[in-house]
Amino acid sequence: MKLSKIYDPREMNSYQFVAATGLVMTLVANLILLFLGKSVDNFNALYICWFTFFAIGTYVNYNSKPGNGHDHHHHH
């Protein structure tokens, strides 16, 4: 099991990459809301969504075989 499939963007599949990006954007939005003294009902539910999406992506990533057409890696 390669742990780099969890933390290295080059090893992530599209699900993980989108979830990680969404998580970062949600964190930034949360900091902006905190700075402005505003709140949005159920905003923190986004964290659950992103973590779930990331977990599903990680499961798919670990269970995909190289070259089967379902794993898409981002190479920067």
# chains A, B, ... in the order shown; residues from 1 in each chain; ligands from 1
>>> residues_around(residues="A:Trp50", least_positions_apart="3", cutoff="10 Å", atoms="only C-alpha atoms", output="ChimeraX atom specification")
/A:15-16,18-24,26,45-47,53-56
>>> write_last_selection(atoms="N, CA and C atoms", output="mmCIF file, in the first residue's frame")
data_model
loop_
_atom_site.group_PDB
_atom_site.id
_atom_site.type_symbol
_atom_site.label_atom_id
_atom_site.label_comp_id
_atom_site.auth_asym_id
_atom_site.auth_seq_id
_atom_site.Cartn_x
_atom_site.Cartn_y
_atom_site.Cartn_z
ATOM 1 N N TYR A 15 -10.828 12.110 -8.187
ATOM 2 C CA TYR A 15 -11.705 12.269 -7.017
ATOM 3 C C TYR A 15 -10.942 12.899 -5.860
ATOM 4 N N GLN A 16 -9.768 12.353 -5.586
ATOM 5 C CA GLN A 16 -8.965 12.859 -4.473
ATOM 6 C C GLN A 16 -8.524 14.292 -4.728
ATOM 7 N N VAL A 18 -9.946 16.629 -6.625
ATOM 8 C CA VAL A 18 -11.084 17.541 -6.490
ATOM 9 C C VAL A 18 -11.438 17.723 -5.010
ATOM 10 N N ALA A 19 -11.434 16.638 -4.252
ATOM 11 C CA ALA A 19 -11.766 16.715 -2.827
ATOM 12 C C ALA A 19 -10.733 17.538 -2.065
ATOM 13 N N ALA A 20 -9.461 17.337 -2.360
ATOM 14 C CA ALA A 20 -8.405 18.096 -1.685
ATOM 15 C C ALA A 20 -8.515 19.585 -2.026
ATOM 16 N N THR A 21 -8.782 19.880 -3.283
ATOM 17 C CA THR A 21 -8.952 21.272 -3.702
ATOM 18 C C THR A 21 -10.173 21.880 -3.017
ATOM 19 N N GLY A 22 -11.265 21.139 -2.979
ATOM 20 C CA GLY A 22 -12.477 21.610 -2.312
ATOM 21 C C GLY A 22 -12.260 21.849 -0.831
ATOM 22 N N LEU A 23 -11.501 20.970 -0.212
ATOM 23 C CA LEU A 23 -11.206 21.118 1.214
ATOM 24 C C LEU A 23 -10.406 22.395 1.469
ATOM 25 N N VAL A 24 -9.394 22.639 0.653
ATOM 26 C CA VAL A 24 -8.584 23.853 0.810
ATOM 27 C C VAL A 24 -9.446 25.100 0.582
ATOM 28 N N THR A 26 -12.661 25.385 0.950
ATOM 29 C CA THR A 26 -13.609 25.497 2.061
ATOM 30 C C THR A 26 -12.926 26.089 3.283
ATOM 31 N N ALA A 45 -20.745 21.299 7.112
ATOM 32 C CA ALA A 45 -21.093 20.022 6.477
ATOM 33 C C ALA A 45 -20.259 19.783 5.227
ATOM 34 N N LEU A 46 -19.738 20.851 4.641
ATOM 35 C CA LEU A 46 -18.867 20.706 3.470
ATOM 36 C C LEU A 46 -17.636 19.863 3.793
ATOM 37 N N TYR A 47 -17.116 20.002 5.013
ATOM 38 C CA TYR A 47 -15.941 19.212 5.403
ATOM 39 C C TYR A 47 -16.250 17.718 5.345
ATOM 40 N N PHE A 53 -15.764 12.302 -0.045
ATOM 41 C CA PHE A 53 -15.347 12.252 -1.450
ATOM 42 C C PHE A 53 -13.894 11.799 -1.564
ATOM 43 N N PHE A 54 -13.039 12.319 -0.658
ATOM 44 C CA PHE A 54 -11.626 11.934 -0.655
ATOM 45 C C PHE A 54 -11.467 10.456 -0.303
ATOM 46 N N ALA A 55 -12.232 9.999 0.683
ATOM 47 C CA ALA A 55 -12.160 8.591 1.097
ATOM 48 C C ALA A 55 -12.572 7.661 -0.037
ATOM 49 N N ILE A 56 -13.623 8.016 -0.744
ATOM 50 C CA ILE A 56 -14.067 7.204 -1.881
ATOM 51 C C ILE A 56 -12.985 7.198 -2.960
#
>>> select_by_dssp(residues="chain A", states="alpha helix (DSSP H)", output="NGL selection string")
:A and (4-7 or 14-36 or 45-63)
>>> write_last_selection(atoms="C-alpha atoms", output="compact mmCIF listing (two decimals), in the first residue's frame")
# COMPACT_ATOMS: atom_id res chain seq x y z
CA SER A 4 1.87 8.61 -1.24
CA LYS A 5 -1.48 7.95 -2.98
CA ILE A 6 -3.03 9.85 -0.07
CA TYR A 7 -0.80 12.91 0.24
CA SER A 14 -9.34 12.93 -9.95
CA TYR A 15 -11.70 12.27 -7.02
CA GLN A 16 -8.96 12.86 -4.47
CA PHE A 17 -7.64 15.90 -6.31
CA VAL A 18 -11.08 17.54 -6.49
CA ALA A 19 -11.77 16.71 -2.83
CA ALA A 20 -8.41 18.10 -1.68
CA THR A 21 -8.95 21.27 -3.70
CA GLY A 22 -12.48 21.61 -2.31
CA LEU A 23 -11.21 21.12 1.21
CA VAL A 24 -8.58 23.85 0.81
CA MET A 25 -11.12 26.23 -0.75
CA THR A 26 -13.61 25.50 2.06
CA LEU A 27 -10.92 26.22 4.66
CA VAL A 28 -10.09 29.53 2.97
CA ALA A 29 -13.79 30.44 2.74
CA ASN A 30 -14.23 29.54 6.41
CA LEU A 31 -11.32 31.80 7.38
CA ILE A 32 -12.80 34.66 5.33
CA LEU A 33 -16.19 34.17 7.01
CA LEU A 34 -14.48 34.11 10.42
CA PHE A 35 -12.57 37.30 9.59
CA LEU A 36 -15.77 39.01 8.46
CA ALA A 45 -21.09 20.02 6.48
CA LEU A 46 -18.87 20.71 3.47
CA TYR A 47 -15.94 19.21 5.40
CA ILE A 48 -17.84 15.94 5.78
CA CYS A 49 -18.62 15.96 2.05
CA TRP A 50 -14.99 16.60 1.04
CA PHE A 51 -13.61 13.97 3.42
CA THR A 52 -16.16 11.43 2.18
CA PHE A 53 -15.35 12.25 -1.45
CA PHE A 54 -11.63 11.93 -0.66
CA ALA A 55 -12.16 8.59 1.10
CA ILE A 56 -14.07 7.20 -1.88
CA GLY A 57 -11.34 8.46 -4.21
CA THR A 58 -8.68 6.85 -2.05
CA TYR A 59 -10.55 3.54 -2.11
CA VAL A 60 -10.83 3.72 -5.90
CA ASN A 61 -7.16 4.72 -6.20
CA TYR A 62 -5.94 1.77 -4.10
CA ASN A 63 -8.15 -0.71 -5.92
